[in-house]
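First up is the structure itself, then whatever we jot down about it.
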Amino acid sequence: QDHMTIDSSDIRTIKRLTRKAQRGDEHAFESLAHAFSASLYRVAASCLSGNEADIADALQDTLIAAWNNIHTLRQPRYFKTWLIRICINSCRQIQRRQHTHVPLEDINEEQLATLEESCHNNEAFCLDGSTDANTSFKQLVAAAGDSCALAITLYYGEGYTTAEIADLLNLTTDGVRQQLSRGRKRIKCFLDKNERRDRSQDFAAHSPIQKNKIRPRAPTESDSSLRQAANPT
């Protein structure tokens with residue numbers, strides 16, 4: 001079936017399926033929805049702080065609105081961007097209903113690769129967010145902060161340029177660059193903190209005290225540096 005094999009980067013197929021969907025072909029629309037399901041999940045999770053119930057509502061609203069209005073799409077090649085715009089609007093409506101407002105406002109190569117891999121590896125759509133890819137992605141986006149999460153997702157997860165993101169979010173390109181910069185710095189701090197924690201846990205796991213199962217003594221002031229290393233928080 002088409003929805004099992006469609007490549008979201010295959011513009012020719014996207015255009016063909018979009019035209020079929022515009023003529024009322026439900027199977028063609030389902031194939032398109034499946035092709036971009038991971039992208040929709042990432043965008044909704046970024047807008048709604050990873051709340052799975054809200055994400056599910058936003059995705060359902062997005063697909064209903066897209067199906068009902070697909071005849072308004074003039075250029076089928078831009079189906080993905082059109083769909084993402086609908087998703088962002090659906091998320092904002094949910095935020096308004098809840099009377100909440102989430103504002104839209106250097107990382108090294110290894111850390112940047114971690115971010116990009118976590119975004120691109122999530123090819124399976126999973127509403128409950130239980131996959132490792134979903135978990136990793138949501139952790140990094142959460143680290144970017146609500147004001148920067150969506151810009152980070154659109155740039156690194158979906159490959160949009162700063163100009164395209166500015167158009168999607170009704171921002172200036174400078175505003176998008178500022179959000180990306182802040183988000184990268186926050187993610188860097190998050191990854192550095194986790195790296196320090198992992199080193200501390202590894203040290204504790206291989207400590208002679210653990211291996212020999214020596215009973216702990218009463219703590220003294222000289223232990224403060226060791227406690228700090230083992231529990232950097």
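Each chain of the structure tokens is named A, B, ... in the order shown, its residues numbered from 1; ligands are numbered from 1 in display order.
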
(Q) Report as a PyMOL selection string all protein, DNA and RNA residues lying within 12 Å of Thr161 in chain A, evaluated on only C-alpha atoms, omitting residues in the same chain fewer than 4 positions from it. (A) chain A and resi 151-157+165-168+173+176-177+180

Go ahead and dump the residues you just picked, N, CA and C atoms, as an mmCIF file, in the first residue's frame.
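Listed below is the output, part.cif:
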```cif
data_model
loop_
_atom_site.group_PDB
_atom_site.id
_atom_site.type_symbol
_atom_site.label_atom_id
_atom_site.label_comp_id
_atom_site.auth_asym_id
_atom_site.auth_seq_id
_atom_site.Cartn_x
_atom_site.Cartn_y
_atom_site.Cartn_z
ATOM 1 N N ALA A 151 11.037 26.408 17.125
ATOM 2 C CA ALA A 151 12.048 26.825 16.148
ATOM 3 C C ALA A 151 13.141 25.769 16.021
ATOM 4 N N ILE A 152 13.577 25.216 17.134
ATOM 5 C CA ILE A 152 14.587 24.157 17.125
ATOM 6 C C ILE A 152 14.078 22.948 16.340
ATOM 7 N N THR A 153 12.834 22.563 16.576
ATOM 8 C CA THR A 153 12.255 21.412 15.887
ATOM 9 C C THR A 153 12.155 21.642 14.387
ATOM 10 N N LEU A 154 11.667 22.800 13.999
ATOM 11 C CA LEU A 154 11.496 23.096 12.574
ATOM 12 C C LEU A 154 12.839 23.178 11.856
ATOM 13 N N TYR A 155 13.854 23.684 12.540
ATOM 14 C CA TYR A 155 15.166 23.866 11.913
ATOM 15 C C TYR A 155 15.934 22.553 11.830
ATOM 16 N N TYR A 156 16.073 21.868 12.960
ATOM 17 C CA TYR A 156 16.878 20.644 12.995
ATOM 18 C C TYR A 156 16.067 19.392 12.668
ATOM 19 N N GLY A 157 14.817 19.356 13.102
ATOM 20 C CA GLY A 157 14.006 18.172 12.860
ATOM 21 C C GLY A 157 13.400 18.124 11.480
ATOM 22 N N ILE A 165 11.020 29.378 8.564
ATOM 23 C CA ILE A 165 10.485 29.324 9.929
ATOM 24 C C ILE A 165 9.860 30.659 10.304
ATOM 25 N N ALA A 166 10.524 31.741 9.917
ATOM 26 C CA ALA A 166 9.983 33.073 10.197
ATOM 27 C C ALA A 166 8.599 33.232 9.573
ATOM 28 N N ASP A 167 8.435 32.711 8.361
ATOM 29 C CA ASP A 167 7.135 32.790 7.692
ATOM 30 C C ASP A 167 6.095 31.930 8.402
ATOM 31 N N LEU A 168 6.492 30.739 8.833
ATOM 32 C CA LEU A 168 5.562 29.845 9.524
ATOM 33 C C LEU A 168 5.107 30.417 10.857
ATOM 34 N N THR A 173 13.436 36.969 10.651
ATOM 35 C CA THR A 173 14.521 35.985 10.598
ATOM 36 C C THR A 173 15.475 36.180 11.777
ATOM 37 N N VAL A 176 14.013 34.424 14.723
ATOM 38 C CA VAL A 176 14.216 32.979 14.642
ATOM 39 C C VAL A 176 15.643 32.623 15.030
ATOM 40 N N ARG A 177 16.613 33.372 14.508
ATOM 41 C CA ARG A 177 18.017 33.092 14.845
ATOM 42 C C ARG A 177 18.262 33.216 16.343
ATOM 43 N N LEU A 180 16.900 30.099 17.978
ATOM 44 C CA LEU A 180 17.784 28.958 17.732
ATOM 45 C C LEU A 180 19.038 29.043 18.597
#
```

Q | Å distance separating CA of Gln98 in chain A from CA of Leu140 in chain A, one decimal place | A |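 Going from CA of Gln98 in chain A over to CA of Leu140 in chain A covers 24.5 Å.
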
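A straight line drawn from CA of Ile187 in chain A to CA of Ala38 in chain A is 21.3 Å long.
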
Q.
I need the residue nearest Ala53 in chain A from this list: A:Ser9, A:Ala163, A:His34, A:Ile94. Use only C-alpha atoms for the distance.
A.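 The shortest atom-to-atom distance to Ala53 in chain A comes from A:Ile94.
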
Q.
So, with only C-alpha atoms as the atoms that count, which of A:Asn51, A:Thr18, A:Ser147, A:Ser46 lies closest to Asn69 in chain A?
A. A:Thr18

Q | Atom-to-atom span, CA of Asp61 in chain A and CA of Cys91 in chain A, Å | A | 8.9 Å

Q.
Measuring between only C-alpha atoms, which one of A:Leu63, A:Ile88, A:Ala142, A:Ile70 shows the shortest distance to Leu17 in chain A?
A. A:Ile70

**Q.** Of the listed residues A:Leu48, A:Ala58, A:Ile11, A:Leu191, that which approaches Ala35 in chain A most closely, counting only C-alpha atoms
**A.**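 Looking only at the distances to Ala35 in chain A, the closest residue turns out to be A:Ile11.
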
**Q.** For Cys87 in chain A: contacts at 7 Å, only C-alpha atoms, fewer than 6 positions along chain excluded, given as an NGL selection string
**A.** :A and (40 or 44 or 58-59 or 62)
